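Asker: Questions regarding the structure given below will be posed in turn.
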Amino acid sequence: MLTDVMVYASEALMVQIRKDLSLEQAMNVATLPGIVGSSLAMPDIHQGYGFPIGGVAAMDCDGGVVSPGGVGFDINCGVRLVRTTLEEAAVRPRLRDLIDQVFRDVPCGTGGSGFVKIGPRDLDRVLVEGARWMVKNGFGEQRDADFSEAGGALEGADPAAVSDRARERGLPQLGTLGSGNHFLEVQYVEEVHDETAARAYGIFPGQVVVLIHSGSRGLGHQVCTDYVKVMNQSMAKHHISLPDRQLACGPIRSEEGERYLAAMCAAANFAWANRQAILHFLRGAFQRIFGAAARLDLVYDVCHNIAKRERYEVEGRRREVLVHRKGATRAFPAGHREIPADYRAVGQPVFIPGSMGTASWVLAGAEGAMRETFGSVCHGAGRLLSRTAARKGRNAREEQHKLEERGILVRSESRDGILEELPEAYKNVDEVIEVVHNAGLARKVARLRPMGVIKG
Amino acid sequence: MRPRDFEVLEHPADIGFRAFAGTLPELFARSALAMLSIAADPAAALPKQQYPLAVESGDRESLLVDWLNEVLYWFDGKLIAFRDFRVTQFRDTAIEAVGMGEPRDPLRHRARLIVKAVTYHQLKIERRGGLWVAEVYLDI
């Protein structure tokens with residue numbers, strides 16, 4: 001099947017996009033059997049492996065394929081925004097204490113395991129129940145699961161589809177942040193653009209909020225590795241040939257496709273459990289510093305590496321498709337039944353992290369996304385520089401000091417991690433947001449600024 | 001590893017390496033060490049124990065990906081820090097090797113970068129200037 005590539009970008013972003021292989025990758029995605037509509041590229045698109053990052057592709061559920069690479073190794077890498085009852089002015093004097101406490105209480109997982117100790121049988125429950133299992137077992141509140149995409153757990157998970165290796169990698173890593181571009185950031189609401197939506201989401205100017213970015217850790221990584229191998233071995237049987245081996249796929253209606261989706265759901269649920277555990281530890285850290293006055297509530301949790309069965313109007317008829325979002329976020333508009341009742345009038349919250357030291361955004365899903373992009377928008381700013389290039393000529397201590405002079409504290413388990421995630425390594429998030437807003441895919445709700453960052 | 005055994009390759013979102021060796025078995029061993037040098041510091045591992053590793057695959061390129069993913073599983077799943085590898089059997093579709101190392105100590109063997117997986121992205125195994133060269137990209 002050959003279709004076109006539709007890119008959502010400004011002219012300035014297109015200049016950057018053309019510098020890497022992302023458009024070629026989007027063109028390769030356009031050759032996947034059963035693709036419905038265009039191969040879509042969000043404004044934060046950049047070169048990935050197989051699929052570009054910032055890519056969206058919907059497949060016909062009967063005749064189309066599912067590609068583990070179209071979801072990514074970090075299944076259900078995603079973001080949750082947590083609002084607090086605290087304001088910037090109250091937190092600023094104790095910011096260093098807070099960041100140090102959070103750094104102690106939320107493990108990154110680079111030096112060992114996390115603090116959530118469960119056995120293999122409990123892991124099976126986590127793979128089915130996701131965030132809900134964590135809540136039932138003392139790691140949060142029922143509201144946390146209710147205010148997550150998919151209620152914090154996808155149906156259709158089958159623990160038997162998850163290999164022993166994936167379990168072995170994942171079990172000690174439950175409740176850890178990860179490294180690379182994963183982080184936990186304490187922020188304040190700098191400006192509100194949509195007061196009605198902001199009020200519905202419970203956010204206001206000057207409020208301290210926290211953004212958590214993490215995924216399915218070693219469990220998800222191994223699930224994707226396992227099924228890329230399975231798909232590579234079975235493609236000849238299904239008469240599929242592709243321009244890029246990393247696009248390895250199988251028919252959705254095949255044993256391989258169904259098993260992958262069952263394993264993907266399980267890994268996604270593990271990621272929701274993971275982010276729930278991190279929220280639980282975060283609450284503890286805030287309470288240690290600010291006492292009972294610090295109440296933390298989940299605004300919402302969104303995934304940006306996933307494949308989901310959803311219904312859209314395509315060429316005049318409703319059909320179910322499997323939407324691959326590889327570094328792209330669901331953005332359902334007002335009225336959609338999958339949005340929590342509290343937000344249904346304004347649209348689903350979407351969180352777009354910028355880079356450490358710049359800004360992040362809260363958006364609300366809009367009708368344009370349903371019409372044009374299978375309910376999807378971007379997931380971040382998009383990398384501009386490789387990690388090597390970002391480190392060149394820079395000193396981690398100096399960069400950390402520069403951020404501190406701007407009022408941003410950074411605690412990282414690695415010095416390279418600070419350099420590789422500097423603002424200069426990323427595209428301009430405001431520009432990415434302008435594209436999404438002006439294209440009618442999602443509306444600007446609030447701009448958030450960093451106060452302190454924890455990373456692995 | 002000597003400096004010329006491998007070099008780091010740039011990628012906008014991830015990272016890769018280019019490994020060099022005189023023979024294919026040596027190339028596979030060096031590639032594993034290159035990956036582990038990105039993930040941590042193999043020199044910090046003591047070769048106290050020997051761990052048997054065996055992988056089969058459909059072709060040479062898949063074998064390299066599967067071999068590296070096997071080593072990554074031992075590092076990230078079984079929590080073994082490897083110092084070096086000795087390949088004992090090799091053909092294009094199968095490799096057997098012994099990994100020399102020890103159980104990972106959280107303080108001595110911290111991860112430098114969490115490597116999620118090995119990809120097929122722009123994967124190359126070829127002869128260049130009398131040497132075998134492998135280029136592999138890692139998802140981090």
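As shown in the structure tokens, the chain order sets the letters A, B, ...; within each chain, residues go from 1, and ligands are also counted from 1 in the order they appear.
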May I have a table of the residues of chain A lying at most 9 Å from chain B, giving each one's closest pair of atoms and their distance in Å to one decimal, counting only C-alpha atoms, ordered by chain and ascending residue number, as CSV?
Answerer:
residue,atom,partner,partner_atom,distance
A:Asp20,CA,B:Pro12,CA,7.8
A:His46,CA,B:Pro12,CA,7.3
A:Gln47,CA,B:Pro12,CA,6.3
A:Gly48,CA,B:Ala13,CA,6.5
A:Tyr49,CA,B:His121,CA,5.2
A:Gly50,CA,B:His121,CA,6.7
A:Ile53,CA,B:Ala13,CA,8.6
A:Phe73,CA,B:Lys116,CA,6.8
A:Asp74,CA,B:Lys116,CA,7.6
A:Gly109,CA,B:Ala111,CA,8.7
A:Thr110,CA,B:Ala111,CA,5.1
A:Gly111,CA,B:Arg110,CA,4.7
A:Gly112,CA,B:Pro106,CA,5.1
A:Ser113,CA,B:Pro106,CA,8.6
A:Arg165,CA,B:Gly77,CA,6.8
A:Ala166,CA,B:Gly77,CA,7.8
A:Arg167,CA,B:Gly77,CA,8.4
A:Glu168,CA,B:Gly77,CA,5.3
A:Arg169,CA,B:Gly77,CA,4.1
A:Gly170,CA,B:Gly77,CA,7.8
A:Pro172,CA,B:Gly77,CA,8.9
A:Gly178,CA,B:Ile114,CA,7.2
A:Ser179,CA,B:Ile114,CA,6.1
A:Gly180,CA,B:Ile140,CA,6.3
A:Asn181,CA,B:Ile140,CA,8.6
A:Arg217,CA,B:Lys116,CA,7.8
A:Gly218,CA,B:Lys116,CA,6.7
A:Gly220,CA,B:Lys116,CA,8.8
A:His221,CA,B:Lys116,CA,5.5
A:Gln222,CA,B:Ala117,CA,7.4
A:Cys224,CA,B:Ala117,CA,8.6
A:Thr225,CA,B:Ala117,CA,6.7
A:Lys229,CA,B:Asp66,CA,8.2
A:Gln233,CA,B:Gly58,CA,7.9
A:Asp244,CA,B:His121,CA,7.7
A:Arg245,CA,B:Tyr120,CA,6.1
A:Gln246,CA,B:Tyr120,CA,5.3
A:Gly382,CA,B:Ala13,CA,8.6
A:Arg383,CA,B:Pro12,CA,6.3
A:Leu384,CA,B:Pro12,CA,6.5
A:Leu385,CA,B:Pro12,CA,5.6
A:Ser386,CA,B:Pro12,CA,4.1
A:Arg387,CA,B:Pro12,CA,7.1
A:Thr388,CA,B:Glu10,CA,6.2
A:Ala389,CA,B:Glu10,CA,7.7
A:Glu413,CA,B:Arg112,CA,8.8
A:Ser414,CA,B:Arg112,CA,7.0
A:Asp416,CA,B:Arg112,CA,8.5
A:Gly417,CA,B:Leu113,CA,8.2
A:Gly456,CA,B:Leu113,CA,8.4
Asker: Write out, as an mmCIF file, in the first residue's frame, the residues just selected, with C-alpha atoms.
Answerer:
data_model
loop_
_atom_site.group_PDB
_atom_site.id
_atom_site.type_symbol
_atom_site.label_atom_id
_atom_site.label_comp_id
_atom_site.auth_asym_id
_atom_site.auth_seq_id
_atom_site.Cartn_x
_atom_site.Cartn_y
_atom_site.Cartn_z
ATOM 1 C CA ASP A 20 17.830 14.077 9.155
ATOM 2 C CA HIS A 46 12.876 13.545 14.082
ATOM 3 C CA GLN A 47 14.836 10.529 13.001
ATOM 4 C CA GLY A 48 14.075 7.330 14.875
ATOM 5 C CA TYR A 49 14.594 3.745 13.781
ATOM 6 C CA GLY A 50 12.023 2.358 11.333
ATOM 7 C CA ILE A 53 9.711 9.728 16.234
ATOM 8 C CA PHE A 73 10.955 -0.085 22.470
ATOM 9 C CA ASP A 74 9.654 1.999 25.339
ATOM 10 C CA GLY A 109 17.132 2.816 38.454
ATOM 11 C CA THR A 110 20.573 3.290 36.970
ATOM 12 C CA GLY A 111 22.384 1.972 40.024
ATOM 13 C CA GLY A 112 20.080 -0.824 41.027
ATOM 14 C CA SER A 113 16.469 -1.701 41.618
ATOM 15 C CA ARG A 165 13.231 -12.266 29.993
ATOM 16 C CA ALA A 166 10.939 -9.260 29.914
ATOM 17 C CA ARG A 167 9.725 -10.095 33.406
ATOM 18 C CA GLU A 168 13.282 -10.555 34.638
ATOM 19 C CA ARG A 169 14.293 -7.138 33.324
ATOM 20 C CA GLY A 170 11.140 -5.400 34.494
ATOM 21 C CA PRO A 172 13.338 -4.977 39.815
ATOM 22 C CA GLY A 178 14.856 5.577 33.935
ATOM 23 C CA SER A 179 17.458 7.776 32.261
ATOM 24 C CA GLY A 180 18.077 9.380 28.867
ATOM 25 C CA ASN A 181 15.231 11.813 28.256
ATOM 26 C CA ARG A 217 11.493 0.224 31.521
ATOM 27 C CA GLY A 218 13.229 -3.039 30.762
ATOM 28 C CA GLY A 220 8.667 -2.986 27.609
ATOM 29 C CA HIS A 221 12.071 -2.820 25.941
ATOM 30 C CA GLN A 222 12.337 -6.609 26.000
ATOM 31 C CA CYS A 224 9.513 -4.984 21.701
ATOM 32 C CA THR A 225 12.846 -6.743 21.136
ATOM 33 C CA LYS A 229 12.394 -10.803 16.135
ATOM 34 C CA GLN A 233 10.893 -14.305 11.159
ATOM 35 C CA ASP A 244 13.562 -1.160 6.441
ATOM 36 C CA ARG A 245 13.910 -4.197 8.718
ATOM 37 C CA GLN A 246 13.132 -2.090 11.749
ATOM 38 C CA GLY A 382 11.904 16.964 19.084
ATOM 39 C CA ARG A 383 15.654 16.534 19.255
ATOM 40 C CA LEU A 384 17.869 18.734 17.152
ATOM 41 C CA LEU A 385 21.340 17.590 18.200
ATOM 42 C CA SER A 386 22.710 14.113 18.729
ATOM 43 C CA ARG A 387 23.891 13.326 22.250
ATOM 44 C CA THR A 388 27.512 13.534 21.121
ATOM 45 C CA ALA A 389 26.980 16.935 19.514
ATOM 46 C CA GLU A 413 22.698 10.598 38.198
ATOM 47 C CA SER A 414 25.040 11.301 35.287
ATOM 48 C CA ASP A 416 26.440 13.429 30.472
ATOM 49 C CA GLY A 417 22.716 13.262 31.114
ATOM 50 C CA GLY A 456 18.875 9.494 35.662
#
Asker: When DSSP works through the backbone of this structure, what residues of region 136-255 of chain A end up as strand (DSSP E or B), shown as a PyMOL selection string?
Answerer: chain A and resi 148+183-192+207-214+250-251
Asker: Can you pull out the residues contacting Leu86 (chain A)? Cut-off 12 Å, using only C-alpha atoms, and skip same-chain residues under 2 positions away; I want them as number ranges by chain.
Answerer: A: 82-84, 88-92, 94-95, 186-189, 203-210, 286-287, 289-297
Asker: With only C-alpha atoms as the basis for distance, which of A:His379, A:His239, A:Arg96, A:Lys117 is at the shortest distance from Val432 (chain A)?
Answerer: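 Between A:His379, A:His239, A:Arg96, A:Lys117, the residue approaching Val432 (chain A) most closely is A:His379.
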Asker: For a test of reading the model, state the distance in Å between CA of Leu403 (chain A) and CA of Lys455 (chain A), rounded to one decimal.
Answerer: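 For CA of Leu403 (chain A) relative to CA of Lys455 (chain A), the distance reads 14.5 Å.
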Asker: What is the distance, in Å and to one decimal place, between CA of Ile99 (chain A) and CA of Val410 (chain A)?
Answerer: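 Taking CA of Ile99 (chain A) as the start and CA of Val410 (chain A) as the end point, the length is 8.0 Å.
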Asker: Find the residues around Ala248 (chain A) up to 12 Å (only C-alpha atoms counted), leave out those fewer than 2 positions away in its own chain, and share them as a CSV table (one decimal) with N, CA and C atoms, in the first residue's frame.
Answerer:
chain,number,residue,atom,x,y,z
A,28,ASN,N,8.8,5.5,4.3
A,28,ASN,CA,8.8,4.0,4.4
A,28,ASN,C,7.5,3.5,5.1
A,29,VAL,N,7.1,4.3,6.1
A,29,VAL,CA,5.9,3.9,6.8
A,29,VAL,C,4.7,3.9,5.9
A,32,LEU,N,3.5,0.5,4.4
A,32,LEU,CA,3.1,-0.6,5.2
A,32,LEU,C,1.7,-1.1,4.7
A,33,PRO,N,1.5,-2.4,4.6
A,33,PRO,CA,0.3,-2.9,4.1
A,33,PRO,C,-0.9,-2.5,5.0
A,49,TYR,N,14.1,5.0,14.4
A,49,TYR,CA,14.6,3.7,13.8
A,49,TYR,C,13.4,3.0,13.3
A,50,GLY,N,13.2,2.9,11.9
A,50,GLY,CA,12.0,2.4,11.3
A,50,GLY,C,11.0,3.5,11.2
A,51,PHE,N,10.1,3.6,12.1
A,51,PHE,CA,9.2,4.8,12.2
A,51,PHE,C,10.0,6.0,12.7
A,65,VAL,N,-1.4,-4.1,9.1
A,65,VAL,CA,-0.4,-4.7,10.0
A,65,VAL,C,-0.2,-4.0,11.3
A,66,VAL,N,0.4,-4.6,12.2
A,66,VAL,CA,0.9,-4.0,13.4
A,66,VAL,C,2.4,-4.1,13.4
A,67,SER,N,3.1,-3.0,13.8
A,67,SER,CA,4.6,-3.0,13.8
A,67,SER,C,5.1,-2.6,15.2
A,68,PRO,N,5.8,-3.5,15.9
A,68,PRO,CA,6.3,-3.2,17.2
A,68,PRO,C,7.2,-1.9,17.2
A,69,GLY,N,7.9,-1.7,16.0
A,69,GLY,CA,8.7,-0.5,15.9
A,69,GLY,C,7.9,0.7,15.8
A,70,GLY,N,6.6,0.6,15.4
A,70,GLY,CA,5.7,1.7,15.3
A,70,GLY,C,5.2,2.1,16.6
A,71,VAL,N,5.5,1.3,17.6
A,71,VAL,CA,5.1,1.7,19.0
A,71,VAL,C,6.4,2.2,19.7
A,72,GLY,N,7.4,1.4,19.5
A,72,GLY,CA,8.7,1.8,20.1
A,72,GLY,C,9.1,0.8,21.1
A,224,CYS,N,9.3,-5.5,23.1
A,224,CYS,CA,9.5,-5.0,21.7
A,224,CYS,C,10.6,-5.8,21.0
A,225,THR,N,11.7,-6.0,21.7
A,225,THR,CA,12.8,-6.7,21.1
A,225,THR,C,12.4,-8.1,20.7
A,226,ASP,N,11.6,-8.8,21.6
A,226,ASP,CA,11.1,-10.1,21.4
A,226,ASP,C,10.3,-10.2,20.1
A,227,TYR,N,9.4,-9.2,20.0
A,227,TYR,CA,8.4,-9.3,18.9
A,227,TYR,C,8.9,-8.7,17.6
A,228,VAL,N,9.9,-7.8,17.6
A,228,VAL,CA,10.6,-7.5,16.4
A,228,VAL,C,11.2,-8.7,15.8
A,229,LYS,N,11.8,-9.5,16.6
A,229,LYS,CA,12.4,-10.8,16.1
A,229,LYS,C,11.3,-11.7,15.6
A,230,VAL,N,10.2,-11.9,16.3
A,230,VAL,CA,9.1,-12.7,15.9
A,230,VAL,C,8.6,-12.3,14.5
A,231,MET,N,8.4,-11.0,14.4
A,231,MET,CA,7.8,-10.4,13.1
A,231,MET,C,8.8,-10.6,12.0
A,232,ASN,N,10.1,-10.4,12.3
A,232,ASN,CA,11.1,-10.5,11.2
A,232,ASN,C,11.1,-11.9,10.7
A,233,GLN,N,10.9,-12.9,11.6
A,233,GLN,CA,10.9,-14.3,11.2
A,233,GLN,C,9.6,-14.7,10.4
A,234,SER,N,8.5,-14.0,10.7
A,234,SER,CA,7.2,-14.4,10.1
A,234,SER,C,6.8,-13.6,8.9
A,235,MET,N,7.5,-12.6,8.5
A,235,MET,CA,7.1,-11.7,7.4
A,235,MET,C,7.0,-12.5,6.1
A,236,ALA,N,8.0,-13.4,5.8
A,236,ALA,CA,8.0,-14.1,4.6
A,236,ALA,C,6.7,-14.9,4.5
A,238,HIS,N,3.9,-14.3,5.6
A,238,HIS,CA,2.7,-13.4,5.2
A,238,HIS,C,3.0,-12.6,4.0
A,240,ILE,N,5.2,-10.3,3.2
A,240,ILE,CA,5.4,-8.9,3.4
A,240,ILE,C,6.9,-8.7,3.2
A,241,SER,N,7.2,-7.6,2.4
A,241,SER,CA,8.6,-7.2,2.3
A,241,SER,C,8.6,-5.7,2.5
A,242,LEU,N,9.7,-5.2,3.2
A,242,LEU,CA,9.7,-3.8,3.6
A,242,LEU,C,11.1,-3.2,3.3
A,243,PRO,N,11.1,-1.9,3.1
A,243,PRO,CA,12.3,-1.2,2.8
A,243,PRO,C,13.3,-1.1,4.0
A,244,ASP,N,12.8,-1.4,5.2
A,244,ASP,CA,13.6,-1.2,6.4
A,244,ASP,C,13.2,-2.3,7.4
A,245,ARG,N,14.2,-3.1,7.8
A,245,ARG,CA,13.9,-4.2,8.7
A,245,ARG,C,13.3,-3.8,10.1
A,246,GLN,N,13.6,-2.5,10.5
A,246,GLN,CA,13.1,-2.1,11.7
A,246,GLN,C,11.6,-1.9,11.7
A,250,GLY,N,3.5,-7.6,11.3
A,250,GLY,CA,2.7,-8.8,11.0
A,250,GLY,C,1.2,-8.4,10.9
A,251,PRO,N,0.4,-9.1,10.2
A,251,PRO,CA,-1.0,-8.8,10.1
A,251,PRO,C,-1.6,-8.7,11.5
A,256,GLU,N,0.9,-13.8,15.3
A,256,GLU,CA,2.0,-13.0,15.8
A,256,GLU,C,1.4,-11.6,16.1
A,257,GLY,N,0.5,-11.1,15.3
A,257,GLY,CA,0.0,-9.7,15.6
A,257,GLY,C,-0.8,-9.7,16.9
A,260,TYR,N,1.5,-10.0,19.9
A,260,TYR,CA,2.2,-8.8,20.1
A,260,TYR,C,1.3,-7.8,20.8
B,119,THR,N,19.0,-2.1,17.6
B,119,THR,CA,18.0,-1.9,16.5
B,119,THR,C,18.7,-2.4,15.2
B,120,TYR,N,17.8,-2.5,14.2
B,120,TYR,CA,18.3,-2.9,12.8
B,120,TYR,C,18.6,-1.6,12.0
B,121,HIS,N,18.4,-0.4,12.6
B,121,HIS,CA,18.5,0.8,11.9
B,121,HIS,C,19.9,1.0,11.3
Asker: Set the distance at 9 Å and use only C-alpha atoms: which residues neighbour region 86-90 of chain B once local chain neighbours fewer than 5 positions away are removed? I'd like the list as number ranges by chain.
Answerer: B: 24-26, 28-29, 95-100
Asker: Please produce an output containing C-alpha atoms for each residue in the selection, written as a JSON list (two decimals), in the first residue's frame.
Answerer:
[["chain", "number", "residue", "atom", "x", "y", "z"],
["B", 24, "LEU", "CA", 33.96, -12.00, 12.39],
["B", 25, "PRO", "CA", 34.06, -13.79, 15.77],
["B", 26, "GLU", "CA", 36.29, -11.02, 17.08],
["B", 28, "PHE", "CA", 31.00, -9.87, 17.46],
["B", 29, "ALA", "CA", 32.96, -9.89, 20.72],
["B", 95, "ILE", "CA", 27.40, -18.00, 17.84],
["B", 96, "GLU", "CA", 28.60, -19.58, 21.08],
["B", 97, "ALA", "CA", 30.75, -17.62, 23.47],
["B", 98, "VAL", "CA", 31.92, -17.33, 27.04],
["B", 99, "GLY", "CA", 31.42, -14.04, 28.82],
["B", 100, "MET", "CA", 33.90, -13.27, 31.60]]
Asker: Tell me, which residues of region 161-379 of chain A carry DSSP alpha helix (DSSP H), written as an MDAnalysis selection string?
Answerer: chainID A and resid 164:170 195:201 217:234 255:290 367:372
Asker: Interatomic distance between CA of Ser355 (chain A) and CA of Glu405 (chain A)?
Answerer: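 Going from CA of Ser355 (chain A) over to CA of Glu405 (chain A) covers 16.9 Å.
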Asker: Quick one: everything within 12 Å of Glu195 (chain A), counting only C-alpha atoms, minus sequence neighbours fewer than 4 positions away in the same chain. Send it as a list in words.
Answerer: Glu191, Arg199, Ala200, Tyr201, Gly202, Ile203, Phe204, Pro205, Val346, Val362, Leu363, Ala364, Arg443, Lys444, Val445 and Ala446 of chain A
